[in-house]
$ cat my_file_2.txt   # compact mmCIF, N, CA and C atoms and all ligand atoms
# COMPACT_ATOMS: atom_id res chain seq x y z
N MET A 228 13.03 -4.21 -21.05
CA MET A 228 12.21 -5.35 -20.69
C MET A 228 12.13 -5.38 -19.17
N GLY A 229 10.99 -5.82 -18.67
CA GLY A 229 10.80 -5.88 -17.23
C GLY A 229 9.33 -6.01 -16.91
N TYR A 230 8.94 -5.41 -15.80
CA TYR A 230 7.54 -5.43 -15.43
C TYR A 230 7.23 -4.24 -14.54
N ILE A 231 5.97 -3.91 -14.46
CA ILE A 231 5.53 -2.75 -13.70
C ILE A 231 4.61 -3.24 -12.58
N LEU A 232 4.98 -2.89 -11.35
CA LEU A 232 4.15 -3.23 -10.20
C LEU A 232 3.19 -2.07 -9.99
N ARG A 233 2.01 -2.18 -10.55
CA ARG A 233 1.08 -1.06 -10.53
C ARG A 233 0.64 -0.69 -9.11
N GLU A 234 0.48 -1.68 -8.25
CA GLU A 234 0.02 -1.37 -6.90
C GLU A 234 1.07 -0.58 -6.11
N LYS A 235 2.37 -0.75 -6.47
CA LYS A 235 3.43 -0.01 -5.79
C LYS A 235 3.97 1.13 -6.64
N GLU A 236 3.46 1.26 -7.83
CA GLU A 236 3.94 2.26 -8.79
C GLU A 236 5.44 2.15 -8.98
N GLU A 237 5.93 0.91 -9.11
CA GLU A 237 7.35 0.66 -9.33
C GLU A 237 7.56 0.04 -10.70
N VAL A 238 8.64 0.45 -11.34
CA VAL A 238 9.05 -0.11 -12.61
C VAL A 238 10.30 -0.94 -12.37
N ILE A 239 10.26 -2.20 -12.74
CA ILE A 239 11.41 -3.09 -12.55
C ILE A 239 12.00 -3.40 -13.92
N ILE A 240 13.23 -2.94 -14.16
CA ILE A 240 13.92 -3.22 -15.42
C ILE A 240 14.80 -4.43 -15.20
N THR A 241 14.57 -5.47 -15.99
CA THR A 241 15.34 -6.70 -15.81
C THR A 241 16.32 -6.97 -16.95
N GLU A 242 16.05 -6.45 -18.13
CA GLU A 242 16.88 -6.72 -19.30
C GLU A 242 16.94 -5.48 -20.18
N PHE A 243 18.05 -5.32 -20.86
CA PHE A 243 18.18 -4.30 -21.90
C PHE A 243 18.41 -5.01 -23.22
N VAL A 244 17.63 -4.66 -24.21
CA VAL A 244 17.84 -5.19 -25.56
C VAL A 244 18.62 -4.12 -26.32
N GLY A 245 19.69 -4.53 -26.96
CA GLY A 245 20.57 -3.60 -27.67
C GLY A 245 19.98 -3.08 -28.96
N PRO A 246 20.76 -2.28 -29.69
CA PRO A 246 20.26 -1.64 -30.91
C PRO A 246 20.07 -2.60 -32.07
N GLY A 247 20.83 -3.70 -32.08
CA GLY A 247 20.74 -4.64 -33.19
C GLY A 247 21.82 -4.40 -34.22
N PRO A 248 22.17 -5.43 -34.98
CA PRO A 248 23.31 -5.33 -35.90
C PRO A 248 23.09 -4.39 -37.08
N ALA A 249 21.85 -4.12 -37.45
CA ALA A 249 21.58 -3.24 -38.59
C ALA A 249 21.17 -1.84 -38.16
N ALA A 250 21.36 -1.49 -36.88
CA ALA A 250 20.99 -0.16 -36.40
C ALA A 250 21.87 0.90 -37.05
N LYS A 251 21.31 2.09 -37.20
CA LYS A 251 22.06 3.21 -37.80
C LYS A 251 22.28 4.27 -36.72
N HIS A 252 23.55 4.48 -36.37
CA HIS A 252 23.94 5.42 -35.31
C HIS A 252 24.54 6.68 -35.93
N LYS A 253 24.01 7.84 -35.54
CA LYS A 253 24.61 9.12 -35.90
C LYS A 253 24.64 9.97 -34.65
N HIS A 254 25.34 11.10 -34.70
CA HIS A 254 25.50 11.93 -33.51
C HIS A 254 24.15 12.39 -32.96
N ASN A 255 23.24 12.81 -33.83
CA ASN A 255 21.96 13.35 -33.37
C ASN A 255 20.76 12.51 -33.78
N SER A 256 20.99 11.27 -34.21
CA SER A 256 19.85 10.43 -34.56
C SER A 256 20.23 8.96 -34.43
N PHE A 257 19.20 8.15 -34.36
CA PHE A 257 19.42 6.71 -34.18
C PHE A 257 18.21 5.97 -34.74
N VAL A 258 18.46 4.98 -35.56
CA VAL A 258 17.39 4.12 -36.07
C VAL A 258 17.75 2.69 -35.70
N PRO A 259 16.97 2.09 -34.78
CA PRO A 259 17.28 0.73 -34.34
C PRO A 259 16.99 -0.31 -35.42
N ASP A 260 17.53 -1.47 -35.22
CA ASP A 260 17.22 -2.63 -36.07
C ASP A 260 15.94 -3.24 -35.50
N TYR A 261 14.78 -2.75 -35.97
CA TYR A 261 13.49 -3.11 -35.39
C TYR A 261 13.21 -4.61 -35.46
N ILE A 262 13.57 -5.24 -36.56
CA ILE A 262 13.30 -6.67 -36.73
C ILE A 262 14.07 -7.47 -35.68
N TRP A 263 15.35 -7.17 -35.55
CA TRP A 263 16.19 -7.87 -34.56
C TRP A 263 15.66 -7.62 -33.15
N GLN A 264 15.32 -6.35 -32.84
CA GLN A 264 14.82 -6.03 -31.50
C GLN A 264 13.52 -6.77 -31.18
N ASN A 265 12.61 -6.83 -32.15
CA ASN A 265 11.35 -7.55 -31.93
C ASN A 265 11.60 -9.02 -31.65
N GLU A 266 12.57 -9.61 -32.38
CA GLU A 266 12.90 -11.02 -32.15
C GLU A 266 13.48 -11.22 -30.75
N GLU A 267 14.38 -10.33 -30.34
CA GLU A 267 14.99 -10.45 -29.01
C GLU A 267 13.95 -10.29 -27.90
N CYS A 268 13.08 -9.30 -28.06
CA CYS A 268 12.01 -9.10 -27.06
C CYS A 268 11.10 -10.32 -27.01
N GLY A 269 10.79 -10.88 -28.16
CA GLY A 269 9.94 -12.08 -28.21
C GLY A 269 10.59 -13.27 -27.50
N LYS A 270 11.90 -13.42 -27.68
CA LYS A 270 12.61 -14.53 -27.01
C LYS A 270 12.52 -14.39 -25.49
N ILE A 271 12.78 -13.18 -25.00
CA ILE A 271 12.74 -12.96 -23.54
C ILE A 271 11.32 -13.18 -23.01
N TYR A 272 10.34 -12.67 -23.73
CA TYR A 272 8.94 -12.85 -23.34
C TYR A 272 8.60 -14.34 -23.26
N ASP A 273 8.98 -15.09 -24.31
CA ASP A 273 8.67 -16.53 -24.34
C ASP A 273 9.41 -17.29 -23.25
N GLN A 274 10.71 -16.97 -23.06
CA GLN A 274 11.52 -17.69 -22.07
C GLN A 274 11.03 -17.47 -20.65
N THR A 275 10.33 -16.35 -20.40
CA THR A 275 9.84 -16.07 -19.04
C THR A 275 8.33 -16.27 -18.95
N ASN A 276 7.77 -16.96 -19.93
CA ASN A 276 6.32 -17.20 -19.96
C ASN A 276 5.52 -15.91 -19.81
N GLY A 277 6.02 -14.84 -20.40
CA GLY A 277 5.30 -13.58 -20.41
C GLY A 277 5.46 -12.75 -19.16
N LEU A 278 6.29 -13.19 -18.21
CA LEU A 278 6.51 -12.39 -16.99
C LEU A 278 7.28 -11.12 -17.33
N ILE A 279 8.34 -11.26 -18.13
CA ILE A 279 9.15 -10.11 -18.54
C ILE A 279 8.64 -9.64 -19.89
N THR A 280 8.20 -8.40 -19.94
CA THR A 280 7.61 -7.86 -21.16
C THR A 280 8.30 -6.57 -21.57
N TYR A 281 7.97 -6.13 -22.75
CA TYR A 281 8.46 -4.83 -23.24
C TYR A 281 7.82 -3.73 -22.40
N ILE A 282 8.65 -2.85 -21.80
CA ILE A 282 8.10 -1.76 -20.99
C ILE A 282 8.54 -0.39 -21.48
N GLY A 283 9.36 -0.36 -22.52
CA GLY A 283 9.76 0.95 -23.04
C GLY A 283 11.08 0.90 -23.78
N ASP A 284 11.68 2.08 -23.90
CA ASP A 284 12.83 2.24 -24.76
C ASP A 284 13.98 2.89 -23.99
N TRP A 285 15.18 2.81 -24.55
CA TRP A 285 16.32 3.49 -23.94
C TRP A 285 17.26 3.92 -25.04
N HIS A 286 18.02 4.97 -24.78
CA HIS A 286 19.05 5.42 -25.70
C HIS A 286 19.95 6.43 -25.00
N THR A 287 21.00 6.80 -25.67
CA THR A 287 21.93 7.79 -25.12
C THR A 287 21.69 9.13 -25.82
N HIS A 288 22.06 10.20 -25.13
CA HIS A 288 22.06 11.53 -25.72
C HIS A 288 23.49 12.06 -25.71
N PRO A 289 23.82 12.88 -26.69
CA PRO A 289 25.16 13.50 -26.67
C PRO A 289 25.25 14.52 -25.53
N ASP A 290 26.45 14.80 -25.12
CA ASP A 290 26.71 15.79 -24.07
C ASP A 290 26.05 15.36 -22.75
N ASN A 291 25.57 16.32 -21.98
CA ASN A 291 24.96 16.00 -20.68
C ASN A 291 23.45 16.05 -20.73
N LEU A 292 22.88 16.13 -21.89
CA LEU A 292 21.45 16.38 -22.01
C LEU A 292 20.65 15.09 -21.86
N THR A 293 19.91 15.00 -20.78
CA THR A 293 19.05 13.83 -20.59
C THR A 293 17.58 14.23 -20.63
N ASP A 294 17.30 15.47 -21.05
CA ASP A 294 15.91 15.89 -21.21
C ASP A 294 15.29 15.16 -22.39
N LEU A 295 13.99 14.94 -22.31
CA LEU A 295 13.27 14.34 -23.43
C LEU A 295 13.19 15.33 -24.58
N SER A 296 13.47 14.89 -25.78
CA SER A 296 13.26 15.72 -26.96
C SER A 296 11.81 15.53 -27.42
N GLN A 297 11.38 16.37 -28.35
CA GLN A 297 10.03 16.18 -28.89
C GLN A 297 9.93 14.83 -29.59
N LEU A 298 11.02 14.39 -30.23
CA LEU A 298 11.03 13.07 -30.86
C LEU A 298 10.83 11.97 -29.83
N ASP A 299 11.45 12.14 -28.66
CA ASP A 299 11.29 11.15 -27.58
C ASP A 299 9.83 11.10 -27.11
N ILE A 300 9.23 12.27 -26.93
CA ILE A 300 7.83 12.32 -26.48
C ILE A 300 6.92 11.67 -27.53
N ASN A 301 7.19 11.99 -28.80
CA ASN A 301 6.40 11.37 -29.88
C ASN A 301 6.56 9.85 -29.87
N ALA A 302 7.79 9.38 -29.62
CA ALA A 302 8.04 7.94 -29.60
C ALA A 302 7.26 7.28 -28.45
N LEU A 303 7.25 7.94 -27.27
CA LEU A 303 6.51 7.39 -26.14
C LEU A 303 5.02 7.28 -26.48
N CYS A 304 4.49 8.31 -27.13
CA CYS A 304 3.06 8.29 -27.50
C CYS A 304 2.78 7.17 -28.51
N LYS A 305 3.70 6.98 -29.47
CA LYS A 305 3.52 5.91 -30.46
C LYS A 305 3.55 4.54 -29.79
N ILE A 306 4.50 4.35 -28.86
CA ILE A 306 4.58 3.07 -28.14
C ILE A 306 3.28 2.82 -27.39
N SER A 307 2.79 3.87 -26.72
CA SER A 307 1.56 3.74 -25.93
C SER A 307 0.37 3.35 -26.80
N GLU A 308 0.33 3.88 -28.03
CA GLU A 308 -0.78 3.62 -28.94
C GLU A 308 -0.65 2.30 -29.69
N HIS A 309 0.59 1.76 -29.75
CA HIS A 309 0.85 0.55 -30.55
C HIS A 309 0.31 -0.68 -29.81
N LYS A 310 -0.79 -1.23 -30.32
CA LYS A 310 -1.47 -2.32 -29.61
C LYS A 310 -0.58 -3.54 -29.40
N GLU A 311 0.26 -3.86 -30.39
CA GLU A 311 1.12 -5.05 -30.27
C GLU A 311 2.14 -4.91 -29.15
N ALA A 312 2.54 -3.67 -28.83
CA ALA A 312 3.51 -3.47 -27.75
C ALA A 312 2.86 -3.74 -26.39
N ASN A 313 1.55 -3.60 -26.31
CA ASN A 313 0.81 -3.83 -25.06
C ASN A 313 1.47 -3.10 -23.89
N CYS A 314 1.74 -1.82 -24.11
CA CYS A 314 2.49 -1.03 -23.13
C CYS A 314 1.90 0.39 -23.10
N VAL A 315 0.83 0.56 -22.34
CA VAL A 315 0.10 1.82 -22.32
C VAL A 315 0.91 2.93 -21.63
N ASN A 316 1.69 2.58 -20.62
CA ASN A 316 2.49 3.56 -19.87
C ASN A 316 3.98 3.26 -20.02
N PRO A 317 4.52 3.44 -21.23
CA PRO A 317 5.92 3.08 -21.46
C PRO A 317 6.89 3.98 -20.71
N ILE A 318 8.08 3.45 -20.45
CA ILE A 318 9.15 4.25 -19.87
C ILE A 318 10.18 4.57 -20.95
N MET A 319 10.96 5.60 -20.72
CA MET A 319 12.09 5.91 -21.59
C MET A 319 13.27 6.26 -20.70
N LEU A 320 14.34 5.51 -20.86
CA LEU A 320 15.56 5.71 -20.09
C LEU A 320 16.57 6.39 -21.00
N ILE A 321 17.10 7.52 -20.55
CA ILE A 321 18.05 8.28 -21.35
C ILE A 321 19.35 8.44 -20.57
N MET A 322 20.43 8.02 -21.20
CA MET A 322 21.76 8.16 -20.61
C MET A 322 22.45 9.35 -21.27
N GLY A 323 23.02 10.21 -20.44
CA GLY A 323 23.69 11.38 -20.99
C GLY A 323 25.16 11.41 -20.66
N ASN A 324 25.85 12.25 -21.28
CA ASN A 324 27.28 12.55 -21.25
C ASN A 324 28.10 11.41 -21.84
N HIS A 325 29.30 11.71 -22.15
CA HIS A 325 30.13 10.75 -22.89
C HIS A 325 30.42 9.48 -22.10
N LYS A 326 30.29 9.51 -20.79
CA LYS A 326 30.50 8.30 -20.00
C LYS A 326 29.20 7.62 -19.60
N CYS A 327 28.07 8.19 -20.01
CA CYS A 327 26.75 7.66 -19.66
C CYS A 327 26.56 7.53 -18.16
N THR A 328 27.07 8.50 -17.39
CA THR A 328 26.94 8.42 -15.94
C THR A 328 25.70 9.14 -15.42
N VAL A 329 25.01 9.87 -16.27
CA VAL A 329 23.76 10.50 -15.88
C VAL A 329 22.62 9.75 -16.57
N VAL A 330 21.67 9.28 -15.76
CA VAL A 330 20.57 8.49 -16.31
C VAL A 330 19.26 9.04 -15.77
N ASP A 331 18.36 9.38 -16.67
CA ASP A 331 17.01 9.80 -16.29
C ASP A 331 16.01 8.80 -16.85
N VAL A 332 15.00 8.50 -16.06
CA VAL A 332 13.96 7.57 -16.49
C VAL A 332 12.63 8.32 -16.46
N TYR A 333 11.95 8.33 -17.59
CA TYR A 333 10.65 8.99 -17.73
C TYR A 333 9.59 7.93 -17.97
N GLN A 334 8.36 8.28 -17.61
CA GLN A 334 7.24 7.38 -17.90
C GLN A 334 6.07 8.20 -18.42
N LEU A 335 5.42 7.67 -19.44
CA LEU A 335 4.23 8.31 -20.00
C LEU A 335 3.02 7.84 -19.19
N LEU A 336 2.55 8.71 -18.31
CA LEU A 336 1.40 8.36 -17.48
C LEU A 336 0.14 9.03 -18.02
N ASP A 337 0.24 10.31 -18.34
CA ASP A 337 -0.86 11.02 -19.01
C ASP A 337 -0.42 11.24 -20.44
N TYR A 338 -1.33 11.06 -21.36
CA TYR A 338 -0.98 11.10 -22.77
C TYR A 338 -0.25 12.41 -23.12
N SER A 339 0.87 12.28 -23.77
CA SER A 339 1.75 13.35 -24.25
C SER A 339 2.41 14.15 -23.13
N LYS A 340 2.28 13.69 -21.86
CA LYS A 340 2.93 14.40 -20.77
C LYS A 340 3.76 13.44 -19.93
N PRO A 341 4.91 12.99 -20.47
CA PRO A 341 5.74 12.08 -19.69
C PRO A 341 6.35 12.80 -18.49
N MET A 342 6.57 12.07 -17.41
CA MET A 342 7.20 12.67 -16.24
C MET A 342 8.41 11.85 -15.82
N MET A 343 9.40 12.55 -15.25
CA MET A 343 10.60 11.87 -14.79
C MET A 343 10.24 11.07 -13.54
N ILE A 344 10.59 9.78 -13.53
CA ILE A 344 10.30 8.98 -12.36
C ILE A 344 11.57 8.61 -11.59
N GLU A 345 12.74 8.71 -12.24
CA GLU A 345 14.01 8.44 -11.55
C GLU A 345 15.11 9.27 -12.18
N ASN A 346 16.09 9.64 -11.36
CA ASN A 346 17.26 10.36 -11.84
C ASN A 346 18.47 9.79 -11.13
N PHE A 347 19.46 9.39 -11.89
CA PHE A 347 20.68 8.85 -11.31
C PHE A 347 21.87 9.66 -11.82
N ASP A 348 22.81 9.91 -10.94
CA ASP A 348 24.05 10.56 -11.35
C ASP A 348 25.18 9.74 -10.76
N PHE A 349 25.83 8.95 -11.61
CA PHE A 349 26.87 8.04 -11.16
C PHE A 349 28.26 8.65 -11.25
N GLU A 350 28.34 9.93 -11.54
CA GLU A 350 29.64 10.60 -11.61
C GLU A 350 30.33 10.49 -10.25
N GLY A 351 31.53 10.04 -10.23
CA GLY A 351 32.28 9.92 -8.98
C GLY A 351 31.93 8.68 -8.19
N VAL A 352 31.17 7.76 -8.75
CA VAL A 352 30.80 6.52 -8.06
C VAL A 352 31.56 5.35 -8.68
N ASN A 353 32.62 5.68 -9.38
CA ASN A 353 33.43 4.66 -10.07
C ASN A 353 32.60 3.84 -11.06
N ALA A 354 31.63 4.52 -11.67
CA ALA A 354 30.80 3.83 -12.65
C ALA A 354 31.63 3.49 -13.88
N LYS A 355 31.51 2.28 -14.31
CA LYS A 355 32.17 1.85 -15.54
C LYS A 355 31.09 1.36 -16.49
N VAL A 356 30.74 2.23 -17.43
CA VAL A 356 29.67 1.88 -18.38
C VAL A 356 30.29 1.72 -19.74
ZN ZN A 401 16.28 11.11 -26.95
$ encode --input "my_file_2.txt" --output "structure tokens" --more "lines below"
Ligand SMILES: [Zn+2]
Amino acid sequence: MGYILREKEEVIITEFVGPGPAAKHKHNSFVPDYIWQNEECGKIYDQTNGLITYIGDWHTHPDNLTDLSQLDINALCKISEHKEANCVNPIMLIMGNHKCTVVDVYQLLDYSKPMMIENFDFEGVNAKV
């Protein structure tokens, strides 16, 4: 959740909505609790009078891999096409390694060709995630 300053080409992330109580977590797959997530996003949207909106998705990857998978690219395209999401250029934040100290942020700017817009490596920065 957050907002995008189009004139500055900046993405501001203000909130993270979690997976939800009915989410299904496995080593190589994840299915969120969509109903719970939609309700949480709606609450934040309403509480901020629409200032803070859904801007994309986030998840962790096993090991150190923060590259987008084909599933991730497909998800970005689906978000972009989903009219109710009202998010044509969604972002995807991926945290890698067992401590989640590597974070890459991608944005879908051209259809099916997401690009990395930020890369963080908090290893050795006393990150506690
Ligand atoms: Zn992924």
$ atom_distance --input "my_file_2.txt" --atom1 "atom N of His252 in chain A" --atom2 "atom C of Ile300 in chain A"
20.2 Å
$ atom_distance --input "my_file_2.txt" --atom1 "atom N of Leu295 in chain A" --atom2 "CA of Phe347 in chain A"
14.2 Å
$ closest_residue --input "my_file_2.txt" --among "A:Asp299, A:Glu345, A:Asp331, A:Glu266" --to "ligand ZN 401 (chain A)" --atoms "only N, CA and C atoms and all ligand atoms"
A:Asp299
$ closest_residue --input "my_file_2.txt" --among "A:Ile279, A:Cys268, A:Ala249, A:Asp290" --to "Lys326 in chain A" --atoms "all atoms listed in the file"
A:Asp290
$ closest_atom_pairs --input "my_file_2.txt" --of "chain A" --to "ligand ZN 401 (chain A)" --cutoff "8 Å" --atoms "only C-alpha atoms and all ligand atoms" --output "CSV"
residue,atom,partner,partner_atom,distance
A:His286,CA,A:ZN401,ZN,6.5
A:Thr287,CA,A:ZN401,ZN,6.8
A:His288,CA,A:ZN401,ZN,5.9
A:Thr293,CA,A:ZN401,ZN,7.5
A:Asp294,CA,A:ZN401,ZN,7.5
A:Leu295,CA,A:ZN401,ZN,5.6
A:Ser296,CA,A:ZN401,ZN,5.5
A:Leu298,CA,A:ZN401,ZN,6.8
A:Asp299,CA,A:ZN401,ZN,5.0
A:Ile321,CA,A:ZN401,ZN,6.5
$ write_last_selection --input "my_file_2.txt" --atoms "N, CA and C atoms" --output "PDB file, keeping the file's coordinate frame"
ATOM      1  N   HIS A 286      18.020   4.970 -24.780  1.00  0.00           N
ATOM      2  CA  HIS A 286      19.050   5.420 -25.700  1.00  0.00           C
ATOM      3  C   HIS A 286      19.950   6.430 -25.000  1.00  0.00           C
ATOM      4  N   THR A 287      21.000   6.800 -25.670  1.00  0.00           N
ATOM      5  CA  THR A 287      21.930   7.790 -25.120  1.00  0.00           C
ATOM      6  C   THR A 287      21.690   9.130 -25.820  1.00  0.00           C
ATOM      7  N   HIS A 288      22.060  10.200 -25.130  1.00  0.00           N
ATOM      8  CA  HIS A 288      22.060  11.530 -25.720  1.00  0.00           C
ATOM      9  C   HIS A 288      23.490  12.060 -25.710  1.00  0.00           C
ATOM     10  N   THR A 293      19.910  15.000 -20.780  1.00  0.00           N
ATOM     11  CA  THR A 293      19.050  13.830 -20.590  1.00  0.00           C
ATOM     12  C   THR A 293      17.580  14.230 -20.630  1.00  0.00           C
ATOM     13  N   ASP A 294      17.300  15.470 -21.050  1.00  0.00           N
ATOM     14  CA  ASP A 294      15.910  15.890 -21.210  1.00  0.00           C
ATOM     15  C   ASP A 294      15.290  15.160 -22.390  1.00  0.00           C
ATOM     16  N   LEU A 295      13.990  14.940 -22.310  1.00  0.00           N
ATOM     17  CA  LEU A 295      13.270  14.340 -23.430  1.00  0.00           C
ATOM     18  C   LEU A 295      13.190  15.330 -24.580  1.00  0.00           C
ATOM     19  N   SER A 296      13.470  14.890 -25.780  1.00  0.00           N
ATOM     20  CA  SER A 296      13.260  15.720 -26.960  1.00  0.00           C
ATOM     21  C   SER A 296      11.810  15.530 -27.420  1.00  0.00           C
ATOM     22  N   LEU A 298      11.020  14.390 -30.230  1.00  0.00           N
ATOM     23  CA  LEU A 298      11.030  13.070 -30.860  1.00  0.00           C
ATOM     24  C   LEU A 298      10.830  11.970 -29.830  1.00  0.00           C
ATOM     25  N   ASP A 299      11.450  12.140 -28.660  1.00  0.00           N
ATOM     26  CA  ASP A 299      11.290  11.150 -27.580  1.00  0.00           C
ATOM     27  C   ASP A 299       9.830  11.100 -27.110  1.00  0.00           C
ATOM     28  N   ILE A 321      17.100   7.520 -20.550  1.00  0.00           N
ATOM     29  CA  ILE A 321      18.050   8.280 -21.350  1.00  0.00           C
ATOM     30  C   ILE A 321      19.350   8.440 -20.570  1.00  0.00           C
TER      31      ILE A 321
END
$ atom_distance --input "my_file_2.txt" --atom1 "atom C of Asn316 in chain A" --atom2 "atom N of Tyr230 in chain A"
10.8 Å
$ residues_around --input "my_file_2.txt" --residues "Pro259 in chain A" --least-positions-apart "5" --cutoff "7 Å" --atoms "only N, CA and C atoms" --output "VMD selection string"
chain A and resid 246 to 247 249 to 251 264
$ select_by_dssp --input "my_file_2.txt" --residues "chain A" --states "strand (DSSP E or B)" --output "ChimeraX atom specification"
/A:229-232,237-240,251-253,256-258,280,283-287,318-323,329-337,340-348
$ closest_residue --input "my_file_2.txt" --among "A:Cys327, A:Cys304, A:Val238, A:Met322" --to "Lys340 in chain A" --atoms "all atoms listed in the file"
A:Cys304
$ residues_near_point --input "my_file_2.txt" --point "(19.2, -3.1, -23.5)" --cutoff "9 Å" --atoms "only C-alpha atoms" --output "list of chain:residue names"
A:Met228, A:Glu242, A:Phe243, A:Val244, A:Gly245, A:Pro246, A:Asp284, A:Trp285, A:His286
$ axis_aligned_box --input "my_file_2.txt" --around "range 284-301 of chain A" --padding-each-side "6 Å" --output "AutoDock Vina command-line options"
--center_x 16.6 --center_y 9.2 --center_z -25.7 --size_x 32.3 --size_y 26.3 --size_z 22.3
$ select_by_dssp --input "my_file_2.txt" --residues "range 250-325 of chain A" --states "helix (DSSP H, G or I)" --output "PyMOL selection string"
chain A and resi 261-274+297-308+310-312
$ residues_near_point --input "my_file_2.txt" --point "(7.6, 6.7, -15.2)" --cutoff "7 Å" --atoms "all atoms listed in the file" --output "PyMOL selection string"
chain A and resi 316-319+332-336+342-345
$ closest_residue --input "my_file_2.txt" --among "A:Val329, A:Leu232, A:Ala312, A:Val258" --to "Asn346 in chain A" --atoms "only N, CA and C atoms"
A:Val329
$ closest_residue --input "my_file_2.txt" --among "A:Asn291, A:Thr280, A:Gln297, A:Ser256" --to "Glu311 in chain A" --atoms "only C-alpha atoms"
A:Thr280
$ closest_residue --input "my_file_2.txt" --among "A:Asn301, A:Glu236, A:Pro289, A:Leu278" --to "Asn255 in chain A" --atoms "all atoms listed in the file"
A:Pro289
